[in-house]
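Novice: Take this structure, written in structure tokens, and hold onto it; I'll ask about it next.
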Amino acid sequence: MDTIQNYLSSDIIDITLLLSLALNKNHAQLISHNNYQLSSNENNQLNQFIKHRQSGVPFAYLSGTKGFYHLDFKVTPDTLIPRPETELLIDIALGLFNHNQTCEVLDLGTGSGVIAITISNKNPNWNLTATDFSINALAVAKQNTKTNINFQLGSWFEATPNQTFDLIISNPPYIKQNDIHLNELRFEPQSALISGKDGLDDIKTIINNTPQFLNEKGYLLLEHGFNQQHKIIQLLKDNFFKIQKFKDYNQKNRAILAQIKH
């Protein structure tokens with residue numbers, strides 16, 4: 001059997017992470033026990049991980065977890081892998097209202113629950129509702145939460161009849177059909193990525209239906225593609241004002257915040 005030292009000196013895809021996963025040891029433990037000889041089962045497990053990574057399976061799906069903001073989340077192929085760009089939504093949302101006041105917040109298309117759970121963790125005084133049309137995604141989100149979040153099954157606002165909110169927040173599908181980047185995302189749920197010919201189908205649905213679900217002076221906060229900002233602003237103008245644009249940490253257009261006019 002090979003030793004840890006054999007692998008640490010190789011150039012195989014993120015081998016240290018895969019080795020940590022196969023042996024359930026952190027990086028420091030690998031270095032301090034670099035002469036440890038892998039058992040047959042451990043070697044087989046590591047080789048399976050290597051094959052999966054070489055075929056393109058994201059590491060997060062192999063490990064089953066992904067960090068987001070200040071928390072770690074369970075992820076599965078039923079949910080998108082959380083990305084740093086989405087942390088921008090948390091920063092914007094937390095700056096909207098007094099942390100001591102009661103606030104009703106809706107996270108549309110929650111997936112693994114990262115947005116709703118992070119906001120609830122940072123501000124337990126707010127009431128969080130999180131929806132998804134995927135029962136499997138909601139199951140993952142429920143496993144991730146340690147706070148009192150109201151999870152509801154349904155497509156967009158079908159999941160929240162007769163409810164109103166102070167803030168509606170969403171990271172919806174916004175990639176256009178046949179986008180060249182989709183191959184890189186082929187292991188993630190396509191229904192959470194693709195939204196029509198221009199990538200705006202779901203964003204249009206959300207914008208058109210949001211007014212009847214917002215309280216007076218309520219806000220809509222959306223993540224979007226880097227080249228969609230102008231079109232989304234035009235869609236918002238009929239029912240929203242005080243439209244604010246935000247760039248992500250790579251200085252790409254990434255989010256829009258708008259307040260309801262009524």
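In the structure tokens, chains take letters A, B, ... by order of appearance, with residues numbered from 1 within each chain and ligands from 1 in the order shown.
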Show me a table, sorted first by chain and then by increasing residue number, of the residues of stretch 22-110 of chain A having an atom at most 9 Å from stretch 191-203 of chain A, each with its shortest atom pair and the distance in Å to one decimal, counting only C-alpha atoms and written as JSON lines.
Specialist:
{"residue": "A:Thr79", "atom": "CA", "partner": "A:Ala192", "partner_atom": "CA", "distance": 7.8}
{"residue": "A:Leu80", "atom": "CA", "partner": "A:Ala192", "partner_atom": "CA", "distance": 7.0}
{"residue": "A:Gly109", "atom": "CA", "partner": "A:Ala192", "partner_atom": "CA", "distance": 8.2}
Novice: Per residue of stretch 25-129 of chain A within 8 Å of stretch 166-171 of chain A, note the shortest atom pair and the distance in Å to one decimal, counting only C-alpha atoms, and order the rows by chain and increasing residue number, as a Markdown table.
Specialist:
| residue | atom | partner | partner_atom | distance |
| --- | --- | --- | --- | --- |
| A:Thr86 | CA | A:Asn171 | CA | 7.4 |
| A:Leu89 | CA | A:Ile169 | CA | 7.9 |
| A:Cys103 | CA | A:Asp166 | CA | 6.2 |
| A:Glu104 | CA | A:Asp166 | CA | 5.2 |
| A:Val105 | CA | A:Leu167 | CA | 4.8 |
| A:Leu106 | CA | A:Ile168 | CA | 4.7 |
| A:Asp107 | CA | A:Ile169 | CA | 5.0 |
| A:Leu108 | CA | A:Ser170 | CA | 5.0 |
| A:Gly109 | CA | A:Ser170 | CA | 6.5 |
| A:Thr110 | CA | A:Ser170 | CA | 7.6 |
Novice: So, counting only C-alpha atoms, which residue among A:Thr118, A:Thr76, A:Gln101, A:Asn44 is closest to A:Ala139?
Specialist: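 Selected residue with least distance to A:Ala139: A:Thr76.
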Novice: Excluding stretch 45-56 of chain A and residues on its chain fewer than 6 positions from it, collect all residues at most 9 Å away from it, counting only C-alpha atoms, and give them as a PDB file with N, CA, C and O atoms, in the first residue's frame.
Specialist:
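Output below, filename result-v4.pdb:
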ATOM      1  N   ILE A  12      -1.802  14.987  -8.300  1.00  0.00           N
ATOM      2  CA  ILE A  12      -3.182  14.602  -8.576  1.00  0.00           C
ATOM      3  C   ILE A  12      -4.136  15.674  -8.067  1.00  0.00           C
ATOM      4  O   ILE A  12      -3.873  16.331  -7.057  1.00  0.00           O
ATOM      5  N   ILE A  13      -5.302  15.825  -8.745  1.00  0.00           N
ATOM      6  CA  ILE A  13      -6.280  16.866  -8.425  1.00  0.00           C
ATOM      7  C   ILE A  13      -6.554  16.941  -6.921  1.00  0.00           C
ATOM      8  O   ILE A  13      -6.892  15.941  -6.301  1.00  0.00           O
ATOM      9  N   ASP A  14      -6.457  18.137  -6.361  1.00  0.00           N
ATOM     10  CA  ASP A  14      -6.652  18.425  -4.938  1.00  0.00           C
ATOM     11  C   ASP A  14      -6.458  17.185  -4.058  1.00  0.00           C
ATOM     12  O   ASP A  14      -7.329  16.825  -3.267  1.00  0.00           O
ATOM     13  N   ILE A  15      -5.305  16.542  -4.215  1.00  0.00           N
ATOM     14  CA  ILE A  15      -5.067  15.265  -3.550  1.00  0.00           C
ATOM     15  C   ILE A  15      -5.090  15.366  -2.034  1.00  0.00           C
ATOM     16  O   ILE A  15      -5.571  14.452  -1.347  1.00  0.00           O
ATOM     17  N   LEU A  18      -8.656  15.255  -0.951  1.00  0.00           N
ATOM     18  CA  LEU A  18      -9.216  13.921  -1.148  1.00  0.00           C
ATOM     19  C   LEU A  18      -8.649  12.929  -0.139  1.00  0.00           C
ATOM     20  O   LEU A  18      -9.363  12.053   0.365  1.00  0.00           O
ATOM     21  N   LEU A  19      -7.374  13.076   0.149  1.00  0.00           N
ATOM     22  CA  LEU A  19      -6.733  12.205   1.128  1.00  0.00           C
ATOM     23  C   LEU A  19      -7.319  12.452   2.518  1.00  0.00           C
ATOM     24  O   LEU A  19      -7.591  11.501   3.277  1.00  0.00           O
ATOM     25  N   LEU A  21     -10.279  13.456   3.121  1.00  0.00           N
ATOM     26  CA  LEU A  21     -11.630  12.904   3.096  1.00  0.00           C
ATOM     27  C   LEU A  21     -11.611  11.384   3.242  1.00  0.00           C
ATOM     28  O   LEU A  21     -12.379  10.806   4.018  1.00  0.00           O
ATOM     29  N   ALA A  22     -10.718  10.729   2.512  1.00  0.00           N
ATOM     30  CA  ALA A  22     -10.652   9.269   2.543  1.00  0.00           C
ATOM     31  C   ALA A  22     -10.223   8.741   3.910  1.00  0.00           C
ATOM     32  O   ALA A  22     -10.689   7.687   4.353  1.00  0.00           O
ATOM     33  N   LEU A  23      -9.341   9.474   4.597  1.00  0.00           N
ATOM     34  CA  LEU A  23      -8.799   9.011   5.873  1.00  0.00           C
ATOM     35  C   LEU A  23      -9.467   9.668   7.080  1.00  0.00           C
ATOM     36  O   LEU A  23      -9.167   9.307   8.223  1.00  0.00           O
ATOM     37  N   LEU A  62     -18.552  15.310  -3.022  1.00  0.00           N
ATOM     38  CA  LEU A  62     -17.839  14.167  -2.450  1.00  0.00           C
ATOM     39  C   LEU A  62     -17.763  14.286  -0.927  1.00  0.00           C
ATOM     40  O   LEU A  62     -17.956  13.301  -0.204  1.00  0.00           O
ATOM     41  N   GLU A 184     -19.665  23.127 -17.229  1.00  0.00           N
ATOM     42  CA  GLU A 184     -18.893  23.151 -15.988  1.00  0.00           C
ATOM     43  C   GLU A 184     -19.789  22.885 -14.779  1.00  0.00           C
ATOM     44  O   GLU A 184     -19.297  22.534 -13.702  1.00  0.00           O
ATOM     45  N   ARG A 186     -22.500  20.732 -14.858  1.00  0.00           N
ATOM     46  CA  ARG A 186     -23.358  19.616 -15.264  1.00  0.00           C
ATOM     47  C   ARG A 186     -23.747  18.688 -14.116  1.00  0.00           C
ATOM     48  O   ARG A 186     -24.714  17.931 -14.236  1.00  0.00           O
ATOM     49  N   PHE A 187     -23.008  18.716 -13.010  1.00  0.00           N
ATOM     50  CA  PHE A 187     -23.335  17.840 -11.894  1.00  0.00           C
ATOM     51  C   PHE A 187     -24.333  18.486 -10.925  1.00  0.00           C
ATOM     52  O   PHE A 187     -24.820  17.817 -10.023  1.00  0.00           O
TER      53      PHE A 187
END
Novice: From a DSSP calculation on the backbone, collect every residue of stretch 140-246 of chain A in strand (DSSP E or B) and output the set as a PyMOL selection string.
Specialist: chain A and resi 149-153+165-170+175+194+214-223+240-246
Novice: Residues as selected, N, CA and C atoms, written as a short mmCIF file (atom, residue, chain, number, x, y, z; two decimals), in the first residue's frame, can you do that?
Specialist:
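Saved the output as again31.cif:
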data_model
loop_
_atom_site.label_atom_id
_atom_site.label_comp_id
_atom_site.auth_asym_id
_atom_site.auth_seq_id
_atom_site.Cartn_x
_atom_site.Cartn_y
_atom_site.Cartn_z
N ILE A 149 -37.10 28.04 11.33
CA ILE A 149 -37.43 28.55 9.99
C ILE A 149 -38.64 27.81 9.46
N ASN A 150 -39.53 28.55 8.84
CA ASN A 150 -40.75 27.97 8.28
C ASN A 150 -40.48 27.52 6.85
N PHE A 151 -40.26 26.24 6.65
CA PHE A 151 -40.00 25.70 5.31
C PHE A 151 -41.32 25.30 4.65
N GLN A 152 -41.49 25.74 3.40
CA GLN A 152 -42.73 25.45 2.68
C GLN A 152 -42.42 24.96 1.27
N LEU A 153 -43.13 23.92 0.85
CA LEU A 153 -42.92 23.30 -0.45
C LEU A 153 -43.80 23.94 -1.51
N PHE A 165 -44.58 39.85 3.36
CA PHE A 165 -43.23 39.91 3.93
C PHE A 165 -42.66 41.32 3.82
N ASP A 166 -41.68 41.58 4.68
CA ASP A 166 -40.96 42.86 4.62
C ASP A 166 -39.79 42.79 3.65
N LEU A 167 -39.27 41.59 3.44
CA LEU A 167 -38.17 41.38 2.50
C LEU A 167 -38.35 40.04 1.81
N ILE A 168 -38.30 40.07 0.49
CA ILE A 168 -38.27 38.85 -0.31
C ILE A 168 -36.91 38.78 -0.98
N ILE A 169 -36.23 37.69 -0.77
CA ILE A 169 -34.85 37.54 -1.25
C ILE A 169 -34.74 36.24 -2.04
N SER A 170 -33.98 36.28 -3.13
CA SER A 170 -33.87 35.06 -3.94
C SER A 170 -32.58 35.05 -4.75
N ILE A 175 -29.34 31.41 -15.60
CA ILE A 175 -28.47 31.09 -16.73
C ILE A 175 -29.33 30.75 -17.94
N ILE A 194 -30.96 26.97 -14.93
CA ILE A 194 -31.41 27.43 -16.25
C ILE A 194 -32.79 28.05 -16.17
N LEU A 214 -45.60 41.67 -0.72
CA LEU A 214 -44.75 42.57 0.06
C LEU A 214 -45.60 43.49 0.94
N ASN A 215 -45.15 43.69 2.16
CA ASN A 215 -45.76 44.69 3.03
C ASN A 215 -45.38 46.08 2.57
N GLU A 216 -46.05 47.08 3.12
CA GLU A 216 -45.73 48.47 2.80
C GLU A 216 -44.25 48.74 3.09
N LYS A 217 -43.59 49.39 2.17
CA LYS A 217 -42.16 49.72 2.24
C LYS A 217 -41.26 48.49 2.19
N GLY A 218 -41.82 47.36 1.72
CA GLY A 218 -41.05 46.14 1.63
C GLY A 218 -40.05 46.16 0.49
N TYR A 219 -39.10 45.19 0.55
CA TYR A 219 -38.00 45.14 -0.42
C TYR A 219 -37.97 43.80 -1.15
N LEU A 220 -37.47 43.87 -2.38
CA LEU A 220 -37.13 42.68 -3.15
C LEU A 220 -35.63 42.71 -3.42
N LEU A 221 -34.95 41.61 -3.12
CA LEU A 221 -33.51 41.51 -3.32
C LEU A 221 -33.21 40.28 -4.16
N LEU A 222 -32.55 40.49 -5.31
CA LEU A 222 -32.30 39.41 -6.26
C LEU A 222 -30.82 39.29 -6.60
N GLU A 223 -30.34 38.07 -6.69
CA GLU A 223 -29.06 37.80 -7.33
C GLU A 223 -29.34 37.59 -8.82
N PHE A 240 -41.62 49.24 -8.57
CA PHE A 240 -40.59 49.44 -7.56
C PHE A 240 -39.84 50.75 -7.78
N PHE A 241 -39.25 51.26 -6.72
CA PHE A 241 -38.39 52.44 -6.83
C PHE A 241 -37.21 52.26 -5.88
N LYS A 242 -36.40 53.28 -5.73
CA LYS A 242 -35.18 53.20 -4.93
C LYS A 242 -34.37 51.96 -5.31
N ILE A 243 -34.19 51.77 -6.61
CA ILE A 243 -33.48 50.59 -7.11
C ILE A 243 -31.98 50.79 -6.91
N GLN A 244 -31.37 49.83 -6.23
CA GLN A 244 -29.94 49.89 -5.95
C GLN A 244 -29.23 48.72 -6.61
N LYS A 245 -28.07 48.99 -7.19
CA LYS A 245 -27.28 47.97 -7.88
C LYS A 245 -26.04 47.64 -7.04
N PHE A 246 -25.65 46.36 -7.08
CA PHE A 246 -24.50 45.92 -6.30
C PHE A 246 -23.58 45.05 -7.14
#
Novice: I'd like the contact shell of A:His99 - 9 Å cut-off, only C-alpha atoms, skipping same-chain residues fewer than 6 positions apart - returned as a PyMOL selection string.
Specialist: chain A and resi 123-126
Novice: Take the residues from that selection and put them in a file with all heavy atoms, as a CSV table (one decimal), in the first residue's frame.
Specialist:
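again_3.csv, freshly written:
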chain,number,residue,atom,x,y,z
A,123,ASN,N,-29.4,36.9,12.8
A,123,ASN,CA,-30.4,37.8,13.4
A,123,ASN,C,-31.6,36.9,13.8
A,123,ASN,O,-32.6,36.9,13.0
A,123,ASN,CB,-30.8,38.9,12.4
A,123,ASN,CG,-31.6,40.0,13.1
A,123,ASN,OD1,-32.0,39.8,14.3
A,123,ASN,ND2,-31.8,41.1,12.4
A,124,PRO,N,-31.6,36.3,14.9
A,124,PRO,CA,-32.7,35.5,15.4
A,124,PRO,C,-34.0,36.2,15.6
A,124,PRO,O,-35.0,35.5,15.8
A,124,PRO,CB,-32.1,34.8,16.6
A,124,PRO,CG,-31.0,35.7,17.1
A,124,PRO,CD,-30.5,36.3,15.9
A,125,ASN,N,-34.0,37.5,15.7
A,125,ASN,CA,-35.3,38.3,15.9
A,125,ASN,C,-36.1,38.3,14.6
A,125,ASN,O,-37.3,38.6,14.7
A,125,ASN,CB,-35.0,39.7,16.3
A,125,ASN,CG,-34.4,39.8,17.7
A,125,ASN,OD1,-34.8,39.0,18.6
A,125,ASN,ND2,-33.4,40.7,17.9
A,126,TRP,N,-35.6,38.0,13.5
A,126,TRP,CA,-36.4,38.0,12.3
A,126,TRP,C,-37.0,36.7,12.0
A,126,TRP,O,-36.5,35.6,12.4
A,126,TRP,CB,-35.5,38.3,11.1
A,126,TRP,CG,-34.9,39.7,11.1
A,126,TRP,CD1,-35.2,40.7,12.0
A,126,TRP,CD2,-34.1,40.3,10.1
A,126,TRP,NE1,-34.5,41.8,11.7
A,126,TRP,CE2,-33.8,41.6,10.5
A,126,TRP,CE3,-33.5,39.8,8.9
A,126,TRP,CZ2,-33.0,42.5,9.7
A,126,TRP,CZ3,-32.7,40.7,8.2
A,126,TRP,CH2,-32.5,42.0,8.6
Novice: Could you pull out the residues in stretch 82-199 of chain A that DSSP calls helix (DSSP H, G or I) from the backbone, as a PyMOL selection string?
Specialist: chain A and resi 84-94+114-122+135-144+156-159+180-185+190-192
Novice: Find the spatial neighbours of A:Glu87, counting only C-alpha atoms, within a cut-off of 9 Å - ignore same-chain residues fewer than 2 positions away - and output them as a list in words.
Specialist: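 Counting only the stated atoms, we get Phe68, Tyr69, Pro82, Arg83, Pro84, Glu85, Leu89, Ile90, Asp91, Ile92, Ile115 and Asp248 of chain A.
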Novice: Please identify all polymer residues within 9 Å of A:Ile81, counting only C-alpha atoms, omitting same-chain residues fewer than 4 positions from it, and present them as number ranges by chain.
Specialist: A: 58, 60-61, 65-66, 75-77, 112, 188
Novice: Pick out the closest residue to A:Thr129 from this set: A:Tyr174, A:Phe157, A:Phe59, A:Tyr36. Count only C-alpha atoms.
Specialist: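 Smallest distance to A:Thr129 is found for A:Phe157.
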Novice: Rank A:Lys252, A:Lys237, A:Lys25, A:His262 by their smallest atom-to-atom distance to A:Ile207, using only C-alpha atoms, and report the top residue only.
Specialist: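 Counting only C-alpha atoms, the residue closest to A:Ile207 is A:Lys237.
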